[in-house]
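Beneath this line is the structure, given in structure tokens, with notes to follow.
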Amino acid sequence: MVKRLDDVAGMKAADPSDILSQMAAFPDQLEWAQGLHLADITGINNVVICGVGGSAIAGDVITDLLTPTCKSAIITSRDVIMPGFASSDTLALVISYSGNTAESLNLYHDAMRRGCQIVVITSGGELEKLALKNSQPLLKVPTGNQPRASLGYLLGAAALALQRAGLCQPHRDMIAAVPRLRSYVQSVLAEVP
């Protein structure tokens, strides 16, 4: 157990999965999302962000931050079926870092049945295959992290989809916040006394 916050060696020894470094990369992950490309999405009246576990955190953040200012309702669903209102004017952002999460796959299939407009956000797996097979927008994030340590990638990709749907400008605002976030992260790193 680490007893002093300035014990860098102790902190690294207590963090074998290197989650601290992955979390410190949050500003870089958001900035990475600036390079993503997605065509405009039209005809959207509501948004369902579909995911579970670490992959759903992006939905929670977006829902909490943007509901007061967004032109359409946004909810996060951790269920296995879409909400009853989901239809052709629903943007379903299906997020699964691995691409193999059963709940996200179920939500994807239900969104397809309901005729929702779908954007898939994943690092690969079955969701990537389905998006490619069905010619749906795919925002592919880098592999190699734990889902909860990939929040910047997932959040940036989801924000881009909302912006391309014309619902709000979160992607632009998040990119503008990167320098401040980077400065803050640098001030709280383990190496800083």
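Every chain in the structure tokens takes a letter, A first, then B, and so on in the order presented; its residues are numbered from 1, and the ligands are numbered from 1 following the presented order.
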
Would you tabulate, counting only C-alpha atoms, all residues of segment 57-142 of chain A that have an atom at most 9 Å from an atom of segment 167-190 of chain A, showing the closest pair of atoms and their distance in Å to one decimal, sorted by chain then ascending number, as a Markdown table?
| residue | atom | partner | partner_atom | distance |
| --- | --- | --- | --- | --- |
| A:Ile62 | CA | A:Pro170 | CA | 8.6 |
| A:Leu66 | CA | A:Pro170 | CA | 7.8 |
| A:Thr69 | CA | A:Cys168 | CA | 7.4 |
| A:Cys70 | CA | A:Cys168 | CA | 5.4 |
| A:Lys71 | CA | A:Leu167 | CA | 5.2 |
| A:Ser72 | CA | A:Leu167 | CA | 6.5 |

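Residues of segment 21-172 of chain A assigned to strand (DSSP E) by DSSP on this structure's backbone: Asn46, Val47, Val48, Ile49, Cys50, Ala73, Ile74, Ile75, Thr76, Ser77, Thr90, Leu91, Ala92, Leu93, Val94, Ile95, Ser96, Gln117, Ile118, Val119, Val120, Ile121, Thr122, Leu138, Leu139 and Lys140 of chain A.
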
**Item:** segment 69-106 of chain A: residues DSSP assigns to helix (DSSP H, G or I), reported as a count of residues only
**Value:** 5

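Of the listed residues A:Cys50, A:Leu30, A:Ala14, A:Ala73, the one whose atoms come nearest to Val119 of chain A is A:Cys50, with distances taken using only C-alpha atoms.
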
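Compared by their closest atoms to Ala86 of chain A, and using only C-alpha atoms, the residues A:Ala111, A:Leu65, A:Ala102, A:Val8 rank with A:Ala111 nearest.
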
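Remark: for Ala157 of chain A, the closest of the candidate residues A:Ser55, A:Ser77, A:Ser21, A:Ser98 is A:Ser55 (distances computed over only C-alpha atoms).
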
Can you list, as a PDB file with N, CA and C atoms, in the first residue's frame, every protein, DNA or RNA residue that comes within 10 Å of segment 132-135 of chain A when you count only C-alpha atoms, leaving out same-chain residues fewer than 5 positions away?
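part-v6.pdb, freshly written:
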ATOM      1  N   MET A 112     -31.510  -1.567 -34.913  1.00  0.00           N
ATOM      2  CA  MET A 112     -31.695  -1.931 -36.330  1.00  0.00           C
ATOM      3  C   MET A 112     -33.160  -2.263 -36.605  1.00  0.00           C
ATOM      4  N   VAL A 120     -21.665   3.458 -34.593  1.00  0.00           N
ATOM      5  CA  VAL A 120     -20.972   2.505 -33.726  1.00  0.00           C
ATOM      6  C   VAL A 120     -19.636   3.100 -33.296  1.00  0.00           C
ATOM      7  N   GLU A 126     -17.286  -7.734 -32.667  1.00  0.00           N
ATOM      8  CA  GLU A 126     -18.495  -8.007 -33.441  1.00  0.00           C
ATOM      9  C   GLU A 126     -19.199  -6.722 -33.879  1.00  0.00           C
ATOM     10  N   LEU A 127     -19.190  -5.687 -33.037  1.00  0.00           N
ATOM     11  CA  LEU A 127     -19.843  -4.433 -33.423  1.00  0.00           C
ATOM     12  C   LEU A 127     -19.186  -3.817 -34.650  1.00  0.00           C
TER      13      LEU A 127
END
